[in-house]
file run-v5.cif (mmCIF, C-alpha atoms)
data_final
loop_
_atom_site.label_atom_id
_atom_site.label_comp_id
_atom_site.auth_asym_id
_atom_site.auth_seq_id
_atom_site.Cartn_x
_atom_site.Cartn_y
_atom_site.Cartn_z
CA MET A 294 0.00 0.00 0.00
CA ASP A 295 2.86 2.28 0.62
CA THR A 296 4.19 1.69 -2.86
CA LEU A 297 0.83 2.56 -4.38
CA ILE A 298 0.62 5.80 -2.48
CA GLN A 299 4.03 6.96 -3.54
CA SER A 300 3.51 6.34 -7.29
CA GLN A 301 0.15 8.28 -7.50
CA PRO A 302 -0.23 12.10 -8.01
CA LEU A 303 -1.10 14.16 -4.99
CA THR A 304 -4.76 14.98 -5.72
CA ALA A 305 -5.61 11.59 -6.65
CA LEU A 306 -3.63 10.43 -3.73
CA SER A 307 -5.60 12.38 -1.30
CA LEU A 308 -8.91 10.87 -2.47
CA SER A 309 -7.64 7.45 -2.62
CA GLU A 310 -6.02 7.84 0.67
CA GLY A 311 -9.26 9.03 2.14
CA ILE A 312 -11.10 6.07 0.74
CA LEU A 313 -8.34 3.87 1.90
CA LEU A 314 -8.43 5.28 5.28
CA VAL A 315 -12.15 4.94 5.42
CA ASN A 316 -11.75 1.38 4.35
CA ILE A 317 -9.04 0.80 6.87
CA LEU A 318 -11.19 2.42 9.44
CA LEU A 319 -14.05 0.24 8.43
CA VAL A 320 -11.82 -2.78 8.62
CA PHE A 321 -10.72 -1.82 12.04
CA ILE A 322 -14.27 -1.23 13.04
CA LEU A 323 -15.26 -4.58 11.66
CA VAL A 324 -12.34 -6.32 13.29
CA GLY A 325 -13.10 -4.58 16.51
CA PHE A 326 -16.74 -5.54 16.21
CA GLY A 327 -15.71 -9.05 15.41
CA ILE A 328 -13.45 -9.17 18.38
CA LEU A 329 -16.20 -7.79 20.48
CA VAL A 330 -18.64 -10.37 19.18
CA PHE A 331 -16.09 -13.11 19.70
CA HIS A 332 -15.39 -11.83 23.14
CA ASN A 333 -19.07 -11.75 23.90
CA LEU A 334 -19.40 -15.27 22.45
CA LEU A 335 -16.60 -16.53 24.64
CA VAL A 336 -18.09 -14.78 27.62
CA SER A 337 -21.49 -16.26 26.83
CA GLN A 338 -19.96 -19.69 26.42
CA ALA A 339 -18.14 -19.37 29.69
CA GLU A 340 -21.30 -18.23 31.34
CA ALA A 341 -23.19 -21.14 29.84
CA SER A 342 -20.53 -23.55 31.07
CA ARG A 343 -20.67 -22.07 34.44
CA ARG A 344 -24.40 -22.25 34.56
CA LYS A 345 -24.34 -25.79 33.28
CA LYS A 346 -21.84 -26.76 35.87
CA ALA A 347 -23.92 -25.04 38.49
CA ALA A 348 -26.99 -26.85 37.23
CA PHE A 349 -25.12 -30.17 37.36
CA GLU A 350 -23.92 -29.44 40.77
CA LYS A 351 -27.40 -28.46 41.85
CA ALA A 352 -28.86 -31.55 40.24
CA PHE A 353 -26.24 -33.72 41.84
CA GLN A 354 -26.95 -32.09 45.11
CA ILE A 355 -30.69 -32.67 44.65
CA GLN A 356 -30.01 -36.23 43.64
CA GLU A 357 -27.88 -36.82 46.63
CA GLU A 358 -30.45 -35.26 48.83
CA ALA A 359 -33.17 -37.38 47.21
CA ALA A 360 -31.08 -40.49 47.65
CA ALA A 361 -30.48 -39.62 51.24
CA GLN A 362 -34.16 -38.93 51.70
CA ALA A 363 -35.08 -42.19 49.92
CA ALA A 364 -32.65 -44.12 52.04
CA LEU A 365 -34.18 -42.63 55.07
CA THR A 366 -37.65 -43.48 53.80
CA VAL A 367 -36.66 -47.05 52.92
CA GLU A 368 -35.00 -47.48 56.23
CA ALA A 369 -38.09 -46.19 57.96
CA ALA A 370 -40.30 -48.47 55.82
CA ALA A 371 -38.11 -51.46 56.52
CA LYS A 372 -38.18 -50.72 60.11
CA LYS A 373 -41.93 -50.39 60.01
CA ALA A 374 -42.24 -53.61 58.01
CA ALA A 375 -40.07 -55.42 60.47
CA GLU A 376 -42.24 -54.15 63.23
CA ILE A 377 -45.39 -55.30 61.37
CA ILE A 378 -43.88 -58.73 60.66
CA ALA A 379 -42.85 -59.10 64.23
CA ALA A 380 -46.32 -58.15 65.35
CA ALA A 381 -47.86 -60.54 62.84
CA GLU A 382 -45.60 -63.37 63.97
CA GLU A 383 -46.53 -62.66 67.50
CA ILE A 384 -50.21 -62.74 66.58
CA SER A 385 -49.73 -65.93 64.53
CA MET A 386 -47.92 -67.65 67.33
CA SER A 387 -50.61 -66.68 69.73
CA THR A 388 -53.36 -67.77 67.43
CA ARG A 389 -51.66 -71.14 66.74
CA LYS A 390 -51.23 -71.74 70.41
CA THR A 391 -54.87 -70.92 70.98
CA LEU A 392 -55.97 -73.18 68.05
CA GLU A 393 -53.79 -76.03 69.22
CA GLY A 394 -55.24 -75.70 72.64
CA GLU A 395 -58.78 -75.70 71.31
CA LEU A 396 -58.12 -78.67 69.07
CA SER A 397 -56.48 -80.59 71.85
CA THR A 398 -59.44 -79.94 74.09
CA LEU A 399 -61.86 -80.96 71.35
CA ALA A 400 -59.92 -84.14 70.58
CA HIS A 401 -59.79 -85.03 74.20
CA LYS A 402 -63.55 -84.56 74.51
CA HIS A 403 -64.15 -86.72 71.41
CA ALA A 404 -61.86 -89.42 72.68
CA GLU A 405 -63.72 -89.50 75.93
CA HIS A 406 -67.04 -89.61 74.12
CA LEU A 407 -65.85 -92.40 71.83
CA GLU A 408 -64.52 -94.38 74.74
CA GLN A 409 -67.80 -94.12 76.53
CA ALA A 410 -69.75 -95.02 73.39
CA SER A 411 -67.45 -97.97 72.72
CA LEU A 412 -67.85 -99.28 76.22
CA LYS A 413 -71.58 -98.92 75.91
CA TYR A 414 -71.70 -100.69 72.55
CA ILE A 415 -69.37 -103.44 73.72
CA ASN A 416 -71.57 -104.02 76.67
CA GLU A 417 -74.68 -104.13 74.51
CA TYR A 418 -73.04 -106.44 72.00
CA GLN A 419 -71.92 -108.74 74.73
CA GLN A 420 -75.46 -108.93 76.01
CA MET A 421 -76.85 -109.48 72.50
CA GLY A 422 -74.21 -112.15 71.77
CA GLN A 423 -75.05 -114.02 74.93
CA ALA A 424 -78.76 -113.91 74.07
CA ALA A 425 -78.11 -115.01 70.50
CA GLN A 426 -75.85 -117.82 71.67
CA LYS A 427 -78.55 -119.04 74.02
CA GLU A 428 -81.15 -118.85 71.28
CA TYR A 429 -78.84 -120.62 68.82
CA GLN A 430 -78.10 -123.37 71.31
CA GLN A 431 -81.81 -123.82 71.90
CA THR A 432 -82.57 -123.90 68.19
CA LEU A 433 -79.72 -126.33 67.60
CA HIS A 434 -80.99 -128.54 70.34
CA ASP A 435 -84.52 -128.46 68.94
CA ALA A 436 -83.29 -129.11 65.42
CA SER A 437 -81.07 -131.98 66.49
CA GLN A 438 -83.98 -133.52 68.38
CA THR A 439 -86.24 -133.16 65.35
CA MET A 440 -83.58 -134.46 62.98
CA ALA A 441 -82.88 -137.41 65.23
CA ALA A 442 -86.55 -138.27 65.28
CA GLU A 443 -86.83 -137.82 61.52
CA ALA A 444 -83.67 -139.83 60.96
CA ALA A 445 -85.00 -142.67 63.06
CA LYS A 446 -88.26 -142.61 61.11
CA THR A 447 -86.45 -142.37 57.76
CA LEU A 448 -84.12 -145.16 58.80
CA GLN A 449 -87.05 -147.39 59.51
CA LEU A 450 -88.62 -146.52 56.18
CA PHE A 451 -85.31 -147.03 54.41
CA GLU A 452 -84.88 -150.36 56.12
CA LYS A 453 -88.29 -151.44 54.90
CA PHE A 454 -87.57 -150.07 51.43
CA LEU A 455 -84.18 -151.77 51.39
CA LYS A 456 -85.73 -155.08 52.31
CA ALA A 457 -88.30 -154.69 49.57
CA GLN A 458 -85.67 -153.59 47.11
CA THR A 459 -83.41 -156.46 48.11
CA VAL A 460 -86.17 -158.90 47.41
CA GLY A 461 -86.92 -157.08 44.14
CA TYR A 462 -83.26 -157.02 43.23
CA GLU A 463 -82.91 -160.68 43.99
CA THR A 464 -85.85 -161.42 41.72
CA ALA A 465 -84.63 -159.00 39.08
CA THR A 466 -81.14 -160.44 39.34
CA ARG A 467 -82.46 -163.95 38.96
CA GLU A 468 -84.50 -162.82 35.96
CA LYS A 469 -81.53 -160.93 34.57
CA VAL A 470 -79.28 -163.95 35.03
CA GLU A 471 -81.91 -166.10 33.41
CA GLN A 472 -82.23 -163.60 30.55
CA LEU A 473 -78.45 -163.46 30.18
CA ARG A 474 -78.32 -167.22 30.10
CA LYS A 475 -81.03 -167.26 27.44
CA ASP A 476 -79.26 -164.52 25.49
CA ALA A 477 -76.01 -166.43 25.77
CA ASP A 478 -77.73 -169.62 24.62
CA ALA A 479 -79.36 -167.72 21.75
CA TYR A 480 -76.04 -166.13 20.88
CA VAL A 481 -74.29 -169.49 20.97
CA GLU A 482 -77.06 -171.03 18.91
CA GLU A 483 -76.96 -168.13 16.45
CA TYR A 484 -73.19 -168.35 16.31
CA ARG A 485 -73.39 -172.09 15.75
CA ARG A 486 -76.03 -171.55 13.07
CA GLN A 487 -73.98 -168.85 11.38
CA ARG A 488 -70.89 -171.00 11.52
CA MET A 489 -72.82 -173.94 10.13
CA LYS A 490 -74.21 -171.70 7.44
CA LYS A 491 -70.74 -170.46 6.69
CA VAL A 492 -69.38 -173.99 6.60
CA ASP A 493 -72.34 -175.05 4.49
CA SER A 494 -71.82 -172.15 2.13
CA ALA A 495 -68.10 -172.86 1.98
CA ILE A 496 -68.81 -176.51 1.20
CA HIS A 497 -71.26 -175.46 -1.48
CA ARG A 498 -68.76 -173.09 -2.97
CA ILE A 499 -66.03 -175.68 -2.86
CA ILE A 500 -68.24 -178.30 -4.44
CA LEU A 501 -69.41 -175.84 -7.09
CA LEU A 502 -65.87 -174.80 -7.80
CA VAL A 503 -64.75 -178.39 -8.16
CA SER A 504 -67.86 -179.26 -10.16
CA ARG A 505 -67.25 -176.42 -12.57
CA ASP A 506 -63.65 -177.38 -13.03
CA ILE A 507 -64.21 -181.08 -13.35
CA ILE A 508 -67.80 -181.71 -14.41
CA GLY A 509 -68.36 -178.61 -16.57
CA GLN A 510 -65.38 -179.22 -18.80
CA GLY A 511 -65.78 -182.92 -18.93
CA LEU A 512 -69.42 -183.22 -19.98
CA GLU A 513 -70.16 -185.27 -23.08
CA LEU A 514 -72.71 -184.14 -25.64
CA LYS A 515 -75.13 -186.75 -24.38
CA GLU A 516 -74.81 -185.43 -20.84
CA HIS A 517 -75.20 -181.87 -22.06
CA ASN A 518 -78.38 -182.87 -23.87
CA GLN A 519 -79.63 -184.53 -20.74
CA LEU A 520 -78.92 -181.41 -18.67
CA VAL A 521 -80.84 -179.25 -21.16
CA ILE A 522 -83.79 -181.60 -20.99
CA GLN A 523 -83.54 -181.55 -17.17
CA ALA A 524 -83.56 -177.76 -17.27
CA LEU A 525 -86.66 -177.75 -19.48
CA ASP A 526 -88.35 -180.35 -17.26
CA ARG A 527 -87.65 -178.27 -14.16
CA ALA A 528 -88.96 -175.13 -15.83
CA LYS A 529 -92.08 -176.99 -16.89
CA ARG A 530 -92.57 -178.36 -13.36
CA GLU A 531 -92.28 -174.84 -12.00
CA GLY A 532 -95.02 -173.69 -14.41
CA PHE A 533 -92.67 -171.59 -16.47
CA PHE A 534 -94.36 -172.44 -19.78
CA GLU A 535 -97.86 -171.89 -18.53
CA PRO A 536 -99.49 -168.66 -19.72
CA MET B 185 -101.06 -180.58 -26.85
CA THR B 186 -102.93 -181.63 -30.01
CA GLU B 187 -101.76 -180.76 -33.47
CA PRO B 188 -104.07 -178.60 -35.60
CA ALA B 189 -105.77 -180.19 -38.59
CA ASP B 190 -103.66 -179.86 -41.73
CA THR B 191 -106.34 -178.36 -43.96
CA ASN B 192 -104.02 -176.58 -46.38
CA GLY B 193 -101.23 -179.13 -46.70
CA TYR B 194 -98.56 -177.19 -44.77
CA GLY B 195 -98.34 -179.69 -41.90
CA ALA B 196 -95.64 -181.91 -43.39
CA VAL B 197 -93.42 -178.92 -44.12
CA LEU B 198 -93.99 -177.17 -40.78
CA ALA B 199 -93.31 -180.44 -38.97
CA GLN B 200 -89.77 -180.40 -40.39
CA VAL B 201 -89.07 -176.87 -39.14
CA ARG B 202 -87.55 -177.28 -35.67
CA THR B 203 -85.44 -174.17 -35.17
CA ALA B 204 -85.60 -170.45 -35.83
CA HIS B 205 -82.71 -170.84 -38.26
CA GLU B 206 -84.62 -173.44 -40.29
CA ARG B 207 -87.68 -171.19 -40.24
CA ASP B 208 -85.62 -168.30 -41.59
CA TYR B 209 -84.06 -170.50 -44.29
CA LEU B 210 -87.50 -171.66 -45.37
CA LYS B 211 -88.81 -168.08 -45.44
CA SER B 212 -85.91 -166.99 -47.63
CA ALA B 213 -86.45 -169.98 -49.90
CA LEU B 214 -90.17 -169.18 -50.22
CA ASP B 215 -89.30 -165.62 -51.25
CA VAL B 216 -86.93 -166.93 -53.91
CA LEU B 217 -89.56 -169.39 -55.15
CA LEU B 218 -92.19 -166.67 -55.36
CA LYS B 219 -89.87 -164.45 -57.40
CA ASN B 220 -88.89 -167.45 -59.52
CA LEU B 221 -92.51 -167.89 -60.61
CA TYR B 222 -92.36 -164.79 -62.79
CA HIS B 223 -88.97 -165.35 -64.35
CA THR B 224 -88.90 -165.95 -68.10
CA GLU B 225 -86.81 -169.03 -67.50
CA PRO B 226 -87.70 -170.21 -64.01
CA LYS B 227 -85.47 -172.64 -62.15
CA PRO B 228 -86.87 -176.02 -61.29
CA LEU B 229 -88.51 -176.20 -57.86
CA GLU B 230 -86.35 -179.13 -56.72
CA GLU B 231 -83.15 -177.31 -57.62
CA ILE B 232 -84.02 -174.29 -55.52
CA ALA B 233 -85.15 -176.43 -52.60
CA GLU B 234 -81.99 -178.49 -52.70
CA GLU B 235 -79.86 -175.37 -52.98
CA LEU B 236 -81.45 -173.29 -50.19
CA LEU B 237 -83.06 -175.69 -47.72
CA PRO B 238 -82.03 -178.53 -45.43
CA TYR B 239 -82.75 -181.83 -47.08
CA ALA B 240 -85.72 -182.83 -44.92
CA ILE B 241 -87.50 -179.51 -45.30
CA GLY B 242 -86.87 -179.29 -49.02
CA LYS B 243 -88.10 -182.80 -49.54
CA ALA B 244 -91.24 -182.15 -47.50
CA LEU B 245 -91.89 -178.88 -49.36
CA VAL B 246 -91.63 -180.47 -52.79
CA ALA B 247 -93.78 -183.39 -51.70
CA SER B 248 -96.43 -181.11 -50.25
CA LEU B 249 -96.54 -178.98 -53.38
CA ARG B 250 -97.07 -181.99 -55.58
CA LEU B 251 -99.57 -183.51 -53.22
CA ALA B 252 -101.63 -180.34 -53.17
CA HIS B 253 -101.22 -179.92 -56.95
CA ALA B 254 -99.89 -176.51 -56.16
CA ALA B 255 -97.07 -176.86 -58.66
CA ASP B 256 -99.48 -177.25 -61.52
CA THR B 257 -100.04 -173.57 -62.08
CA ALA B 258 -98.13 -170.46 -61.08
CA ALA B 259 -101.18 -169.02 -59.35
CA ALA B 260 -101.73 -172.16 -57.28
CA MET B 261 -98.07 -172.25 -56.33
CA GLU B 262 -98.10 -168.59 -55.35
CA THR B 263 -101.11 -169.18 -53.14
CA PHE B 264 -99.47 -172.19 -51.51
CA LEU B 265 -96.13 -170.47 -50.96
CA SER B 266 -97.70 -167.27 -49.60
CA GLY B 267 -99.88 -169.25 -47.23
CA LEU B 268 -96.90 -171.27 -46.06
CA ALA B 269 -94.88 -168.04 -45.50
CA SER B 270 -97.70 -166.67 -43.36
CA ALA B 271 -97.91 -169.93 -41.39
CA LEU B 272 -94.22 -169.59 -40.52
CA GLY B 273 -95.05 -166.45 -38.56
CA THR B 274 -97.34 -168.38 -36.22
CA PHE B 275 -94.57 -170.46 -34.61
CA ARG B 276 -94.04 -170.01 -30.87
CA VAL B 277 -90.33 -169.72 -30.18
CA VAL B 278 -88.52 -171.11 -27.11
CA LYS B 279 -85.18 -169.32 -26.86
CA LEU B 280 -82.43 -171.41 -25.32
CA GLU B 281 -78.94 -170.28 -24.39
CA LEU B 282 -76.74 -173.36 -24.09
CA ALA B 283 -73.27 -174.04 -22.76
CA PHE B 284 -72.27 -175.82 -25.96
CA GLU B 285 -72.82 -175.51 -29.70
CA PRO B 286 -75.94 -177.62 -30.38
CA GLN B 287 -75.58 -180.37 -32.94
CA GLU B 288 -78.24 -182.27 -34.84
CA GLU B 289 -78.71 -184.72 -32.02
CA THR B 290 -79.33 -181.91 -29.51
CA VAL B 291 -81.74 -180.11 -31.88
CA ALA B 292 -83.64 -183.33 -32.46
CA ILE B 293 -83.94 -184.17 -28.77
CA VAL B 294 -84.80 -180.67 -27.59
CA SER B 295 -87.24 -179.87 -30.42
CA ARG B 296 -88.98 -183.19 -29.80
CA TRP B 297 -89.35 -182.29 -26.13
CA VAL B 298 -90.66 -178.81 -27.02
CA ARG B 299 -93.19 -180.16 -29.52
CA GLN B 300 -94.38 -182.88 -27.14
CA CYS B 301 -94.66 -180.61 -24.15
CA LEU B 302 -95.62 -177.25 -25.67
CA GLY B 303 -97.23 -178.12 -29.02
CA ALA B 304 -96.43 -178.72 -32.70
CA ASP B 305 -96.28 -174.97 -33.36
CA SER B 306 -93.23 -174.56 -31.08
CA ILE B 307 -89.69 -174.24 -32.32
CA ILE B 308 -86.38 -173.52 -30.59
CA ASP B 309 -83.95 -170.65 -31.09
CA THR B 310 -80.54 -171.55 -29.70
CA SER B 311 -77.50 -169.44 -28.90
CA LEU B 312 -74.21 -170.12 -27.14
CA ASP B 313 -73.00 -169.09 -23.65
CA PRO B 314 -70.11 -171.27 -22.43
CA LEU B 315 -70.26 -169.68 -18.97
CA LEU B 316 -73.41 -171.67 -18.26
CA LEU B 317 -71.27 -174.87 -18.10
CA GLY B 318 -74.40 -176.94 -18.50
CA GLY B 319 -78.18 -176.70 -18.55
CA ALA B 320 -79.97 -173.81 -20.26
CA ARG B 321 -81.13 -170.24 -19.96
CA ILE B 322 -84.73 -170.28 -21.18
CA ALA B 323 -86.84 -167.38 -22.48
CA PHE B 324 -90.44 -167.92 -23.52
CA ALA B 325 -93.46 -165.68 -23.93
CA GLY B 326 -91.70 -162.75 -22.24
CA LYS B 327 -90.48 -164.82 -19.28
CA TYR B 328 -86.98 -165.85 -18.31
CA ARG B 329 -85.56 -168.77 -16.34
CA GLU B 330 -82.04 -170.04 -15.91
CA VAL B 331 -81.34 -173.62 -14.93
CA ASN B 332 -77.62 -174.16 -15.34
CA LEU B 333 -75.25 -176.77 -14.04
CA ALA B 334 -74.31 -174.70 -11.00
CA ASP B 335 -77.99 -174.30 -10.10
CA MET B 336 -78.52 -177.99 -10.47
CA ILE B 337 -75.57 -178.82 -8.24
CA GLU B 338 -76.71 -176.23 -5.69
CA SER B 339 -80.23 -177.62 -5.74
CA ALA B 340 -78.83 -181.07 -5.21
CA LEU B 341 -76.74 -179.81 -2.30
CA ILE B 342 -79.78 -178.13 -0.72
CA ARG B 343 -81.81 -181.23 -1.29
CA GLU B 344 -79.15 -183.37 0.32
CA GLU B 345 -78.23 -180.81 2.99
CA SER B 346 -79.33 -182.91 5.94
CA ARG B 347 -77.36 -185.87 4.72
CA ILE B 348 -74.31 -183.68 4.13
CA GLN B 349 -74.57 -182.21 7.63
CA GLU B 350 -74.89 -185.70 9.08
CA MET B 351 -71.75 -186.64 7.28
CA LEU B 352 -69.98 -183.53 8.57
CA LEU B 353 -70.96 -184.00 12.22
#

call {"tool": "encode", "arguments": {"input": "run-v5.cif", "output": "structure tokens"}}
result
Amino acid sequence: MDTLIQSQPLTALSLSEGILLVNILLVFILVGFGILVFHNLLVSQAEASRRKKAAFEKAFQIQEEAAAQAALTVEAAAKKAAEIIAAAEEISMSTRKTLEGELSTLAHKHAEHLEQASLKYINEYQQMGQAAQKEYQQTLHDASQTMAAEAAKTLQLFEKFLKAQTVGYETATREKVEQLRKDADAYVEEYRRQRMKKVDSAIHRIILLVSRDIIGQGLELKEHNQLVIQALDRAKREGFFEP
Amino acid sequence: MTEPADTNGYGAVLAQVRTAHERDYLKSALDVLLKNLYHTEPKPLEEIAEELLPYAIGKALVASLRLAHAADTAAAMETFLSGLASALGTFRVVKLELAFEPQEETVAIVSRWVRQCLGADSIIDTSLDPLLLGGARIAFAGKYREVNLADMIESALIREESRIQEMLL
């Protein structure tokens, strides 16, 4: 800038210098304003940091106070709860003792009642059993007497029946033996007859067999003629030719 | 049984017919004779009879024809032969199955028995069954009877049963 000022004429230099000075002044003003703004910005930032720090500190303080308060409250609550639990346990213990006492009393009363009832029932049953035993013995005695009488009567009847049956059996046995003997005789006779028939038939067959072998093949014409005439004669005798 | 009166002269011929075979031969011969009547050159009656018939039947036929003068004219002969053919159908036949092939002797004996016992119009018709061994299987007028050798022996055994049993005991 110094170089420029020196090379220009004086009139022109004065104007230019004025403008330049104004500009420089303006620049200084602007720089100064800028510095001021920057300074204010820094101050504001510092203030904000301070306030923030103060707020944090305050908040921390409040938090600590709240925590302390909460701890106190919890401690008080726990203490209260412990007191309540202790009271409840005391009540429970008392109640259980009372209940156990009541139950024990009740059980004792029931046991006594049951014992009395049992004794009473046992006594009654014993009396009933004795009565029943007496009645049973009486009934048994009566029944045995009746049965003995009936048995004696039945025995007599059976004896009579047995005698009659024995006689009947003897007769039936004799008849049966007689029938068996007759059957055996008939069987033997039938067997003998069958055997005779068999023997007879066998003899016939044997004779026929021999006759066929010997007589049949050995017949002469004359004998054949005679047999034919015999056959015709027999047929005529039997009425074969009659209408 | 009495023989019928021989009013038409067939008796001598029919008397010679003893079996169904002879009857059939005669019937065939009569047919030939009847046809021969109308031939332009007919054969002699004797020649045909000798050729086709057993000797006895042929001889009786020729004799009967001459006796009845039936051979004099063709018409008379035709009448005689036709009548004789019809008479052949009136025979009663006794069928006999025999255990042997019957020979002349058997035919003679059996036919004589049949004619004596059943009548002159009865003839026999024989056939062979060797299984019979002996005796005969007879069929007559729709009836049947078998009397064979085995039957005869069995009958004899039954008849003599008591004697056989006595011998056995």

call {"tool": "interface_residues", "arguments": {"input": "run-v5.cif", "of": "chain A", "to": "chain B", "cutoff": "6 Å", "atoms": "all atoms listed in the file", "output": "list in words"}}
result
Gly509, Asn518, Leu520, Val521 and Ala524 of chain A

call {"tool": "write_last_selection", "arguments": {"input": "run-v5.cif", "atoms": "C-alpha atoms", "output": "PDB file, in the frame of the given file"}}
result
ATOM      1  CA  GLY A 509     -68.360-178.610 -16.570  1.00  0.00           C
ATOM      2  CA  ASN A 518     -78.380-182.870 -23.870  1.00  0.00           C
ATOM      3  CA  LEU A 520     -78.920-181.410 -18.670  1.00  0.00           C
ATOM      4  CA  VAL A 521     -80.840-179.250 -21.160  1.00  0.00           C
ATOM      5  CA  ALA A 524     -83.560-177.760 -17.270  1.00  0.00           C
TER       6      ALA A 524
END

call {"tool": "atom_distance", "arguments": {"input": "run-v5.cif", "atom1": "atom CA of Ala269 of chain B", "atom2": "atom CA of Val246 of chain B"}}
result
14.8 Å

call {"tool": "closest_residue", "arguments": {"input": "run-v5.cif", "among": "B:Arg299, B:Lys243, B:Lys211, B:Lys227", "to": "Ser266 of chain B", "atoms": "only C-alpha atoms"}}
result
B:Lys211

call {"tool": "residues_around", "arguments": {"input": "run-v5.cif", "residues": "Ala255 of chain B", "least_positions_apart": "3", "cutoff": "12 Å", "atoms": "all atoms listed in the file", "output": "JSON, numbers by chain"}}
result
{"B": [217, 218, 221, 228, 229, 230, 245, 246, 247, 248, 249, 250, 251, 252, 258, 259, 260, 261, 262, 263, 264, 265]}

call {"tool": "write_last_selection", "arguments": {"input": "run-v5.cif", "atoms": "C-alpha atoms", "output": "mmCIF file, in the frame of the given file"}}
result
data_model
loop_
_atom_site.group_PDB
_atom_site.id
_atom_site.type_symbol
_atom_site.label_atom_id
_atom_site.label_comp_id
_atom_site.auth_asym_id
_atom_site.auth_seq_id
_atom_site.Cartn_x
_atom_site.Cartn_y
_atom_site.Cartn_z
ATOM 1 C CA LEU B 217 -89.560 -169.390 -55.150
ATOM 2 C CA LEU B 218 -92.190 -166.670 -55.360
ATOM 3 C CA LEU B 221 -92.510 -167.890 -60.610
ATOM 4 C CA PRO B 228 -86.870 -176.020 -61.290
ATOM 5 C CA LEU B 229 -88.510 -176.200 -57.860
ATOM 6 C CA GLU B 230 -86.350 -179.130 -56.720
ATOM 7 C CA LEU B 245 -91.890 -178.880 -49.360
ATOM 8 C CA VAL B 246 -91.630 -180.470 -52.790
ATOM 9 C CA ALA B 247 -93.780 -183.390 -51.700
ATOM 10 C CA SER B 248 -96.430 -181.110 -50.250
ATOM 11 C CA LEU B 249 -96.540 -178.980 -53.380
ATOM 12 C CA ARG B 250 -97.070 -181.990 -55.580
ATOM 13 C CA LEU B 251 -99.570 -183.510 -53.220
ATOM 14 C CA ALA B 252 -101.630 -180.340 -53.170
ATOM 15 C CA ALA B 258 -98.130 -170.460 -61.080
ATOM 16 C CA ALA B 259 -101.180 -169.020 -59.350
ATOM 17 C CA ALA B 260 -101.730 -172.160 -57.280
ATOM 18 C CA MET B 261 -98.070 -172.250 -56.330
ATOM 19 C CA GLU B 262 -98.100 -168.590 -55.350
ATOM 20 C CA THR B 263 -101.110 -169.180 -53.140
ATOM 21 C CA PHE B 264 -99.470 -172.190 -51.510
ATOM 22 C CA LEU B 265 -96.130 -170.470 -50.960
#

call {"tool": "resolve_selection", "arguments": {"input": "run-v5.cif", "expression": "the PyMOL selection byres ((chain B and resi 241) around 8)", "output": "PyMOL selection string"}}
result
chain B and resi 197+200-201+210+237-240+242-245

call {"tool": "atom_distance", "arguments": {"input": "run-v5.cif", "atom1": "atom CA of Ser212 of chain B", "atom2": "atom CA of Glu234 of chain B"}}
result
13.2 Å

call {"tool": "residues_around", "arguments": {"input": "run-v5.cif", "residues": "Thr203 of chain B", "least_positions_apart": "2", "cutoff": "9 Å", "atoms": "all atoms listed in the file", "output": "PyMOL selection string"}}
result
chain B and resi 201+205-208+277+291+295+306-310

call {"tool": "axis_aligned_box", "arguments": {"input": "run-v5.cif", "around": "segment 303-320 of chain B", "padding_each_side": "4 Å", "output": "JSON"}}
result
{"center_x": -83.7, "center_y": -173.9, "center_z": -25.7, "size_x": 35.1, "size_y": 17.6, "size_z": 23.3}

call {"tool": "atom_distance", "arguments": {"input": "run-v5.cif", "atom1": "atom CA of His253 of chain B", "atom2": "atom CA of Gly195 of chain B"}}
result
15.3 Å

call {"tool": "closest_residue", "arguments": {"input": "run-v5.cif", "among": "B:Ala254, B:Leu198, B:Val216, B:Leu312", "to": "Leu236 of chain B", "atoms": "all atoms listed in the file"}}
result
B:Val216

call {"tool": "decode", "arguments": {"input": "run-v5.cif", "residues": "segment 239-244 of chain B", "atoms": "N, CA, C and O atoms", "output": "mmCIF file, in the first residue's frame"}}
result
data_model
loop_
_atom_site.group_PDB
_atom_site.id
_atom_site.type_symbol
_atom_site.label_atom_id
_atom_site.label_comp_id
_atom_site.auth_asym_id
_atom_site.auth_seq_id
_atom_site.Cartn_x
_atom_site.Cartn_y
_atom_site.Cartn_z
ATOM 1 N N TYR B 239 -82.183 -180.751 -46.244
ATOM 2 C CA TYR B 239 -82.751 -181.828 -47.078
ATOM 3 C C TYR B 239 -84.178 -182.179 -46.668
ATOM 4 O O TYR B 239 -85.072 -182.241 -47.507
ATOM 5 N N ALA B 240 -84.391 -182.375 -45.389
ATOM 6 C CA ALA B 240 -85.715 -182.826 -44.917
ATOM 7 C C ALA B 240 -86.792 -181.794 -45.231
ATOM 8 O O ALA B 240 -87.902 -182.152 -45.673
ATOM 9 N N ILE B 241 -86.500 -180.558 -45.058
ATOM 10 C CA ILE B 241 -87.502 -179.505 -45.298
ATOM 11 C C ILE B 241 -87.778 -179.377 -46.803
ATOM 12 O O ILE B 241 -88.928 -179.276 -47.243
ATOM 13 N N GLY B 242 -86.697 -179.386 -47.565
ATOM 14 C CA GLY B 242 -86.869 -179.288 -49.017
ATOM 15 C C GLY B 242 -87.698 -180.428 -49.558
ATOM 16 O O GLY B 242 -88.598 -180.216 -50.394
ATOM 17 N N LYS B 243 -87.373 -181.618 -49.062
ATOM 18 C CA LYS B 243 -88.102 -182.796 -49.536
ATOM 19 C C LYS B 243 -89.582 -182.713 -49.189
ATOM 20 O O LYS B 243 -90.456 -182.978 -50.012
ATOM 21 N N ALA B 244 -89.843 -182.273 -47.946
ATOM 22 C CA ALA B 244 -91.237 -182.146 -47.499
ATOM 23 C C ALA B 244 -91.962 -181.071 -48.298
ATOM 24 O O ALA B 244 -93.145 -181.224 -48.633
#
